[in-house]
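Peer 1: Got a structure for you, model.txt, holding compact mmCIF, C-alpha atoms.
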```txt
# COMPACT_ATOMS: atom_id res chain seq x y z
CA MET F 1 -5.42 -6.53 0.49
CA ARG F 2 -3.87 -5.05 3.63
CA LEU F 3 -6.73 -6.27 5.79
CA HIS F 4 -6.75 -9.67 4.07
CA LEU F 5 -3.10 -10.04 5.10
CA SER F 6 -3.91 -8.91 8.67
CA LEU F 7 -1.58 -5.93 8.36
CA ASN F 8 -2.22 -2.57 9.92
CA GLN F 9 -1.15 0.70 8.33
CA GLN F 10 1.90 0.93 10.59
CA ASP F 11 3.06 -2.52 9.41
CA VAL F 12 2.87 -1.50 5.76
CA CYS F 13 4.50 1.85 6.39
CA GLY F 14 7.31 0.42 8.48
CA ARG F 15 8.15 -2.17 5.85
CA SER F 16 7.75 0.11 2.82
CA GLY F 17 9.16 3.35 4.18
CA VAL F 18 6.00 5.26 3.31
CA ASP F 19 4.87 7.89 5.81
CA VAL F 20 1.73 6.83 7.74
CA ALA F 21 -0.16 10.02 6.88
CA THR F 22 0.69 9.62 3.19
CA TYR F 23 -0.30 5.97 3.19
CA SER F 24 -3.59 6.77 4.89
CA ARG F 25 -4.42 9.41 2.25
CA ILE F 26 -3.56 6.94 -0.53
CA GLU F 27 -5.72 4.20 1.01
CA GLN F 28 -8.66 6.58 1.46
CA GLY F 29 -8.39 7.80 -2.13
CA TYR F 30 -7.31 11.35 -1.27
CA ALA F 31 -3.86 10.99 -2.84
CA SER F 32 -2.38 9.09 -5.76
CA PRO F 33 0.91 7.33 -5.07
CA LEU F 34 3.96 7.75 -7.23
CA LEU F 35 4.94 4.59 -9.09
CA ASP F 36 7.90 3.85 -6.82
CA THR F 37 5.66 4.20 -3.75
CA LEU F 38 3.09 1.86 -5.25
CA ILE F 39 5.80 -0.69 -6.03
CA ARG F 40 7.09 -0.59 -2.44
CA ILE F 41 3.57 -1.07 -1.04
CA ALA F 42 2.90 -3.96 -3.42
CA ASP F 43 6.20 -5.58 -2.43
CA VAL F 44 5.22 -5.44 1.25
CA MET F 45 1.93 -7.14 0.45
CA GLY F 46 3.62 -9.74 -1.72
CA VAL F 47 1.63 -8.98 -4.84
CA GLU F 48 2.56 -8.03 -8.36
CA LEU F 49 1.86 -4.42 -9.20
CA GLU F 50 -0.67 -5.54 -11.80
CA GLU F 51 -2.73 -7.27 -9.07
CA THR F 52 -2.67 -4.14 -6.92
CA THR F 53 -4.10 -1.93 -9.64
CA ARG F 54 -6.97 -4.32 -10.43
CA ARG F 55 -8.41 -4.28 -6.92
```
What would you get if you wrote out this structure as structure tokens?
Peer 2:
Amino acid sequence: MRLHLSLNQQDVCGRSGVDVATYSRIEQGYASPLLDTLIRIADVMGVELEETTRR
């Protein structure tokens, strides 16, 4: 979704308040985000949380 929206990791992190290293680990599947983190990332991307978990 991030790439589809032409966002880089820094864009998402700056808008969501998530640390770049943390976000990178989440995106690569090395870490699982807390629910509040996932909600903030979904908000940045303009998607409902349900859509985020299906992709």
Peer 1: Quick one: of F:Ala21, F:Asn8, F:Leu49, F:Arg2, who's nearest to Asp36 in chain F, counting only C-alpha atoms?
Peer 2: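 So, comparing all the options, the nearest one is F:Leu49.
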Peer 1: What is the distance, in Å and to one decimal place, between CA of Val12 in chain F and CA of Val44 in chain F?
Peer 2: 6.4 Å
Peer 1: For Leu7 in chain F, please output as a list in words all residues within 12 Å (counting only C-alpha atoms; exclusion window: fewer than 6 positions along the same chain).
Peer 2: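 Selected residues are Met1, Cys13, Gly14, Arg15, Ile41, Val44, Met45 and Gly46 of chain F.
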Peer 1: Of the candidates F:Ile39, F:Ile26, F:Leu34, F:Val47, which one gets nearest to Gln9 in chain F if we count all atoms listed in the file?
Peer 2: F:Ile26
Peer 1: Figure out the distance between CA of Glu48 in chain F and CA of Ser32 in chain F, please, to one decimal in Å.
Peer 2: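 So the answer is 18.0 Å.
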Peer 1: Would you compute the distance between CA of Glu27 in chain F and CA of Ala42 in chain F? Give it in Å to one decimal.
Peer 2: 12.7 Å
Peer 1: Report, as JSON, the centre and edge lengths in Å (one decimal) of the axis-aligned box enclosing every listed atom of range 35-44 of chain F, padded by 8 Å on each side.
Peer 2:
```
{"center_x": 5.4, "center_y": -0.5, "center_z": -3.9, "size_x": 21.0, "size_y": 26.2, "size_z": 26.3}
```
Peer 1: For each of F:Leu5, F:Thr22, F:Ser16, F:Asp11, take the minimum atom-to-atom distance to Asp43 in chain F, counting all atoms listed in the file, then give the residue where this is smallest.
Peer 2: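 Going through F:Leu5, F:Thr22, F:Ser16, F:Asp11 one by one, the smallest distance to Asp43 in chain F is for F:Ser16.
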